[in-house]
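K.L.:
First the structure, then my questions, so here it is.
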Amino acid sequence: MRIVKVKLKILKSIFIVLGILLFLGTLVLGSRVMQDVDRNLNLPNTYAIQNVQTGKDIRVNNAGIEDGAKTILFSHYNWGCMTWQFIQLKEDTYLLKNMYTLKSFEPVSSPGPGGSNSGSSRWEETGSSIGNL
């Protein structure tokens with residue numbers, strides 16, 4: 001009987017400690033997420049890039065940070081992996097930097113001449129995988 005009471009006290013103590021750790025973890029992670037959201041909302045020239053036909057945004061697949069991570073189309077959320085900063089390099093040239101990975105992306109193919117805009121060169125993407133980081 002005495003052993004059972006001791007075991008119950010130990011289990012109760014363990015649950016209290018786990019509850020406190022869970023609460024503190026939620027506080028820390030919750031504030032970190034809010035800092036990321038605030039940072040992305042307040043950075044200049046940052047946007048979600050949306051495909052007007054599908055209504056989906058460009059996103060880093062599985063929020064991958066490794067080189068060569070795929071970019072995909074995904075439903076819109078206010079996530080860093082869906083936020084892109086336009087950095088002007090020249091008058092008509094911009095670098096797109098992902099605010100989660102801090103990387104840019106390269107297309108999976110070279111632009112062909114013409115495209116649907118006559119006299120211009122551009123990429124036309126079909127399917128859900130649009131490039132690699």
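Here's how to read the names in the structure tokens: chain A, B, ... by the order shown, residue numbers from 1 in each chain, ligand numbers from 1 in the order shown.
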List the spatial neighbours of A:Trp84 as a PyMOL selection string - criterion: any atom at most 9 Å away, only C-alpha atoms, same-chain residues fewer than 4 positions off excluded.
P.N.:
chain A and resi 45-49+58+80+96-100+104
K.L.:
Please report the interatomic distance between atom CA of A:Thr54 and atom CA of A:Ile72 in Å with one decimal.
P.N.:
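About the pair atom CA of A:Thr54 and atom CA of A:Ile72: they are 12.2 Å apart.
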K.L.:
Do a neighbour search on A:Leu95 at 8 Å with only C-alpha atoms, toss out local chain neighbours closer than 3 positions, and write the hits as a PyMOL selection string.
P.N.:
chain A and resi 85-89+104
K.L.:
Given only C-alpha atoms as the basis, pick out the residue of A:Lys5, A:Lys12, A:Thr101, A:Leu22 nearest to A:Gly64.
P.N.:
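Ranked by minimum distance to A:Gly64, first place goes to A:Thr101.
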K.L.:
Taking only C-alpha atoms into account, which of A:Ile65, A:Met82, A:Leu73, A:Ile20 comes nearest A:Asn51?
P.N.:
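Under the stated criterion, the closest residue is A:Leu73.
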K.L.:
Out of stretch 37-71 of chain A, which residues get strand (DSSP E or B) from DSSP, as a PyMOL selection string?
P.N.:
chain A and resi 46-47+50+57-60+70-71
K.L.:
Do you have the atom CA of A:Val28-atom CA of A:Trp79 distance handy?
P.N.:
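One can read the atom CA of A:Val28 to atom CA of A:Trp79 distance as 17.7 Å.
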K.L.:
Please, what distance in Å, to one decimal, runs between atom CA of A:Lys103 and atom CA of A:Leu43?
P.N.:
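Between atom CA of A:Lys103 and atom CA of A:Leu43 the gap works out to 15.9 Å.
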K.L.:
Pick out the closest residue to A:Gln50 from this set: A:Gly30, A:Thr83, A:Arg2, A:Lys9. Count only C-alpha atoms.
P.N.:
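Among A:Gly30, A:Thr83, A:Arg2, A:Lys9, it is A:Thr83 that comes nearest to A:Gln50.
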